[in-house]
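Notes to accompany the following structure.
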Amino acid sequence: MEKLRIGIALTGSYCTYDKALTAIGELCEKYDVTAIMSETAASTDSRFGAAEDFIARLEAMTGKAVLKTIVEVEPIGPQKMFDVLVIAPCTGNTAAKLASGITDSCVTMAAKSHLRNGGPVLLAIGTNDGLSAGARNIAELLNRKNIYFLPFYQDDPVGKPRSLASDYASLERSILDALEGKQSQPILGNRGEI
């Protein structure tokens with residue numbers, strides 16, 4: 001039996017990279033994983049780490065070069081490269097672009113290319129404005145065919161009451177649900193209760 005082919009695209013929610021990379025590493029033990037990084041994520045050093053280090057970790061885990069340009073990801077749909085595409089983390093900016101049909105980065109192009117064949121796209125939202133300016137984009141995407149969400153929660157209800165983070169412990173289950181055309185439930189919960 002052929003291994004499940006998973007594309008994992010990372011955007012600039014750098015504070016979630018440790019959780020995301022741990023979950024990606026676990027997927028790499030069982031599945032054929034290809035990493036994609038937005039142009040910004042692939043070139044920006046932050047207080048959470050150097051871009052080159054994240055690229056090196058992803059390439060070591062997947063055994064493949066990280067895709068970092070629109071030209072590299074455009075064939076995803078025509079060549080049916082993945083069974084599922086996961087954007088983890090998916091920033092509020094990326095969610096807004098997806099909701100508005102904007103394709104100006106390799107991650108949004110990867111999603112557009114994968115969706116053209118009706119393939120599932122799973123979003124692991126990570127944004128400080130998910131319950132304010134970003135809420136309308138999340139609502140729009142919740143109603144889109146073939147778009148699914150990793151269950152999410154308020155990561156700091158007191159200190160950052162509008163901020164949302166995703167439950168990376170649910171990543172494999174959510175991928176398998178998306179492949180069956182189902183949204184993993186509960187979609188919204190409390191940290192540790194999802």
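Chain labels run A, B, ... following the order of the structure tokens; each chain numbers its residues from 1, and ligands are numbered from 1 in the order shown.
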Every residue of range 8-185 of chain A that DSSP places in strand (DSSP E or B), as a VMD selection string: chain A and resid 8 to 10 32 to 37 46 49 67 84 to 90 121 to 125 127 147 to 149 152 to 154 164 to 166
Need to verify the contact set: Gly181 in chain A, 9 Å, only C-alpha atoms, exclusion of same-chain residues closer than 3 positions in sequence. Can you return it as an mmCIF file with N, CA, C and O atoms, in the first residue's frame?
```
data_model
loop_
_atom_site.group_PDB
_atom_site.id
_atom_site.type_symbol
_atom_site.label_atom_id
_atom_site.label_comp_id
_atom_site.auth_asym_id
_atom_site.auth_seq_id
_atom_site.Cartn_x
_atom_site.Cartn_y
_atom_site.Cartn_z
ATOM 1 N N PRO A 120 -8.424 17.985 -0.142
ATOM 2 C CA PRO A 120 -8.653 18.648 1.137
ATOM 3 C C PRO A 120 -7.461 19.496 1.587
ATOM 4 O O PRO A 120 -6.303 19.104 1.415
ATOM 5 N N ASN A 146 -13.999 21.634 0.934
ATOM 6 C CA ASN A 146 -12.641 21.078 0.950
ATOM 7 C C ASN A 146 -11.661 21.838 1.834
ATOM 8 O O ASN A 146 -10.460 21.588 1.779
ATOM 9 N N TYR A 148 -10.759 22.518 5.797
ATOM 10 C CA TYR A 148 -11.001 21.983 7.140
ATOM 11 C C TYR A 148 -10.071 22.692 8.115
ATOM 12 O O TYR A 148 -9.056 23.265 7.714
ATOM 13 N N LEU A 176 -6.778 12.652 8.724
ATOM 14 C CA LEU A 176 -7.552 11.481 8.304
ATOM 15 C C LEU A 176 -9.037 11.822 8.161
ATOM 16 O O LEU A 176 -9.696 11.367 7.220
ATOM 17 N N ASP A 177 -9.543 12.672 9.064
ATOM 18 C CA ASP A 177 -10.936 13.124 8.941
ATOM 19 C C ASP A 177 -11.134 13.925 7.653
ATOM 20 O O ASP A 177 -12.108 13.716 6.920
ATOM 21 N N ALA A 178 -10.222 14.843 7.362
ATOM 22 C CA ALA A 178 -10.336 15.673 6.158
ATOM 23 C C ALA A 178 -10.331 14.805 4.902
ATOM 24 O O ALA A 178 -11.065 15.071 3.949
#
```
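We find CA of Gly126 in chain A and CA of Cys90 in chain A to be spaced 5.7 Å apart.
Ranking A:Ala95, A:Ile125, A:Leu150, A:Val107 by their shortest atom-to-atom distance to Leu164 in chain A, with only C-alpha atoms included, puts A:Ile125 first.
The coordinates place CA of Ser46 in chain A at 10.2 Å from CA of Ser13 in chain A.
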Tell me which protein, DNA and RNA residues are within 9 Å of range 21-24 of chain A, counting only C-alpha atoms, leaving out same-chain ones fewer than 5 positions away, and put them as a PDB file with all heavy atoms, in the first residue's frame.
```pdb
ATOM      1  N   ILE A   8       2.908  19.866   3.819  1.00  0.00           N
ATOM      2  CA  ILE A   8       2.770  20.700   5.026  1.00  0.00           C
ATOM      3  C   ILE A   8       3.388  22.054   4.722  1.00  0.00           C
ATOM      4  O   ILE A   8       4.577  22.145   4.427  1.00  0.00           O
ATOM      5  CB  ILE A   8       3.494  20.098   6.238  1.00  0.00           C
ATOM      6  CG1 ILE A   8       3.012  18.709   6.528  1.00  0.00           C
ATOM      7  CG2 ILE A   8       3.371  21.016   7.438  1.00  0.00           C
ATOM      8  CD1 ILE A   8       2.109  18.553   7.694  1.00  0.00           C
ATOM      9  N   THR A  16       4.574  29.201  17.126  1.00  0.00           N
ATOM     10  CA  THR A  16       3.988  27.857  17.133  1.00  0.00           C
ATOM     11  C   THR A  16       4.883  26.818  16.457  1.00  0.00           C
ATOM     12  O   THR A  16       4.510  25.651  16.368  1.00  0.00           O
ATOM     13  CB  THR A  16       2.610  27.856  16.446  1.00  0.00           C
ATOM     14  OG1 THR A  16       2.778  28.218  15.083  1.00  0.00           O
ATOM     15  CG2 THR A  16       1.653  28.808  17.119  1.00  0.00           C
ATOM     16  N   GLU A  29       7.246   9.902  10.434  1.00  0.00           N
ATOM     17  CA  GLU A  29       7.527   8.509  10.800  1.00  0.00           C
ATOM     18  C   GLU A  29       6.590   7.542  10.095  1.00  0.00           C
ATOM     19  O   GLU A  29       6.920   6.365   9.930  1.00  0.00           O
ATOM     20  CB  GLU A  29       7.420   8.341  12.316  1.00  0.00           C
ATOM     21  CG  GLU A  29       8.497   9.096  13.073  1.00  0.00           C
ATOM     22  CD  GLU A  29       8.285   9.059  14.581  1.00  0.00           C
ATOM     23  OE1 GLU A  29       7.436   8.276  15.060  1.00  0.00           O
ATOM     24  OE2 GLU A  29       8.976   9.822  15.276  1.00  0.00           O
ATOM     25  N   VAL A  33       5.939  12.976   3.619  1.00  0.00           N
ATOM     26  CA  VAL A  33       5.685  14.389   3.913  1.00  0.00           C
ATOM     27  C   VAL A  33       6.628  15.277   3.104  1.00  0.00           C
ATOM     28  O   VAL A  33       7.827  15.017   3.022  1.00  0.00           O
ATOM     29  CB  VAL A  33       5.855  14.677   5.425  1.00  0.00           C
ATOM     30  CG1 VAL A  33       5.654  16.156   5.724  1.00  0.00           C
ATOM     31  CG2 VAL A  33       4.901  13.825   6.246  1.00  0.00           C
ATOM     32  N   PHE A  54      15.214  26.192  10.795  1.00  0.00           N
ATOM     33  CA  PHE A  54      13.913  25.545  10.577  1.00  0.00           C
ATOM     34  C   PHE A  54      13.910  24.778   9.250  1.00  0.00           C
ATOM     35  O   PHE A  54      13.414  23.660   9.169  1.00  0.00           O
ATOM     36  CB  PHE A  54      12.772  26.569  10.610  1.00  0.00           C
ATOM     37  CG  PHE A  54      12.503  27.120  11.983  1.00  0.00           C
ATOM     38  CD1 PHE A  54      12.552  28.484  12.210  1.00  0.00           C
ATOM     39  CD2 PHE A  54      12.205  26.280  13.047  1.00  0.00           C
ATOM     40  CE1 PHE A  54      12.305  29.001  13.473  1.00  0.00           C
ATOM     41  CE2 PHE A  54      11.946  26.791  14.317  1.00  0.00           C
ATOM     42  CZ  PHE A  54      12.007  28.161  14.530  1.00  0.00           C
ATOM     43  N   ARG A  57      15.907  21.595   9.739  1.00  0.00           N
ATOM     44  CA  ARG A  57      15.140  20.596  10.501  1.00  0.00           C
ATOM     45  C   ARG A  57      14.089  19.927   9.637  1.00  0.00           C
ATOM     46  O   ARG A  57      13.917  18.700   9.665  1.00  0.00           O
ATOM     47  CB  ARG A  57      14.483  21.249  11.721  1.00  0.00           C
ATOM     48  CG  ARG A  57      15.451  21.522  12.858  1.00  0.00           C
ATOM     49  CD  ARG A  57      14.802  22.279  13.995  1.00  0.00           C
ATOM     50  NE  ARG A  57      13.737  21.535  14.645  1.00  0.00           N
ATOM     51  CZ  ARG A  57      12.931  22.067  15.570  1.00  0.00           C
ATOM     52  NH1 ARG A  57      13.073  23.330  15.933  1.00  0.00           N
ATOM     53  NH2 ARG A  57      11.988  21.338  16.122  1.00  0.00           N
ATOM     54  N   LEU A  58      13.357  20.723   8.858  1.00  0.00           N
ATOM     55  CA  LEU A  58      12.319  20.167   7.987  1.00  0.00           C
ATOM     56  C   LEU A  58      12.910  19.246   6.930  1.00  0.00           C
ATOM     57  O   LEU A  58      12.381  18.171   6.649  1.00  0.00           O
ATOM     58  CB  LEU A  58      11.518  21.290   7.322  1.00  0.00           C
ATOM     59  CG  LEU A  58      10.555  22.035   8.232  1.00  0.00           C
ATOM     60  CD1 LEU A  58      10.119  23.351   7.600  1.00  0.00           C
ATOM     61  CD2 LEU A  58       9.350  21.169   8.557  1.00  0.00           C
ATOM     62  N   MET A  61      13.889  15.972   8.547  1.00  0.00           N
ATOM     63  CA  MET A  61      12.724  15.147   8.880  1.00  0.00           C
ATOM     64  C   MET A  61      12.099  14.504   7.649  1.00  0.00           C
ATOM     65  O   MET A  61      11.737  13.336   7.670  1.00  0.00           O
ATOM     66  CB  MET A  61      11.652  15.990   9.591  1.00  0.00           C
ATOM     67  CG  MET A  61      11.957  16.284  11.031  1.00  0.00           C
ATOM     68  SD  MET A  61      10.539  17.037  11.870  1.00  0.00           S
ATOM     69  CE  MET A  61      10.601  18.707  11.291  1.00  0.00           C
ATOM     70  N   THR A  62      11.941  15.299   6.586  1.00  0.00           N
ATOM     71  CA  THR A  62      11.225  14.817   5.401  1.00  0.00           C
ATOM     72  C   THR A  62      12.125  14.102   4.405  1.00  0.00           C
ATOM     73  O   THR A  62      11.641  13.330   3.576  1.00  0.00           O
ATOM     74  CB  THR A  62      10.525  15.980   4.669  1.00  0.00           C
ATOM     75  OG1 THR A  62      11.520  16.888   4.178  1.00  0.00           O
ATOM     76  CG2 THR A  62       9.544  16.704   5.578  1.00  0.00           C
ATOM     77  N   TYR A 168      -2.242  20.833  18.002  1.00  0.00           N
ATOM     78  CA  TYR A 168      -1.383  19.992  17.169  1.00  0.00           C
ATOM     79  C   TYR A 168      -1.422  18.519  17.566  1.00  0.00           C
ATOM     80  O   TYR A 168      -1.089  17.659  16.748  1.00  0.00           O
ATOM     81  CB  TYR A 168       0.046  20.535  17.159  1.00  0.00           C
ATOM     82  CG  TYR A 168       0.169  21.738  16.264  1.00  0.00           C
ATOM     83  CD1 TYR A 168       0.027  23.027  16.761  1.00  0.00           C
ATOM     84  CD2 TYR A 168       0.385  21.583  14.906  1.00  0.00           C
ATOM     85  CE1 TYR A 168       0.107  24.132  15.922  1.00  0.00           C
ATOM     86  CE2 TYR A 168       0.476  22.679  14.060  1.00  0.00           C
ATOM     87  CZ  TYR A 168       0.335  23.948  14.582  1.00  0.00           C
ATOM     88  OH  TYR A 168       0.408  25.039  13.745  1.00  0.00           O
ATOM     89  N   ALA A 169      -1.867  18.217  18.763  1.00  0.00           N
ATOM     90  CA  ALA A 169      -2.017  16.816  19.163  1.00  0.00           C
ATOM     91  C   ALA A 169      -3.089  16.118  18.333  1.00  0.00           C
ATOM     92  O   ALA A 169      -3.113  14.895  18.227  1.00  0.00           O
ATOM     93  CB  ALA A 169      -2.348  16.717  20.655  1.00  0.00           C
ATOM     94  N   LEU A 171      -3.457  16.587  15.039  1.00  0.00           N
ATOM     95  CA  LEU A 171      -3.118  16.754  13.628  1.00  0.00           C
ATOM     96  C   LEU A 171      -3.377  15.493  12.797  1.00  0.00           C
ATOM     97  O   LEU A 171      -4.056  15.551  11.773  1.00  0.00           O
ATOM     98  CB  LEU A 171      -1.664  17.211  13.471  1.00  0.00           C
ATOM     99  CG  LEU A 171      -1.224  17.531  12.042  1.00  0.00           C
ATOM    100  CD1 LEU A 171      -2.099  18.605  11.414  1.00  0.00           C
ATOM    101  CD2 LEU A 171       0.242  17.965  12.018  1.00  0.00           C
ATOM    102  N   GLU A 172      -2.867  14.359  13.226  1.00  0.00           N
ATOM    103  CA  GLU A 172      -3.062  13.145  12.420  1.00  0.00           C
ATOM    104  C   GLU A 172      -4.546  12.806  12.285  1.00  0.00           C
ATOM    105  O   GLU A 172      -5.028  12.515  11.185  1.00  0.00           O
ATOM    106  CB  GLU A 172      -2.303  11.958  13.025  1.00  0.00           C
ATOM    107  CG  GLU A 172      -2.426  10.714  12.168  1.00  0.00           C
ATOM    108  CD  GLU A 172      -1.647   9.531  12.715  1.00  0.00           C
ATOM    109  OE1 GLU A 172      -1.290   9.537  13.915  1.00  0.00           O
ATOM    110  OE2 GLU A 172      -1.412   8.588  11.938  1.00  0.00           O
TER     111      GLU A 172
END
```
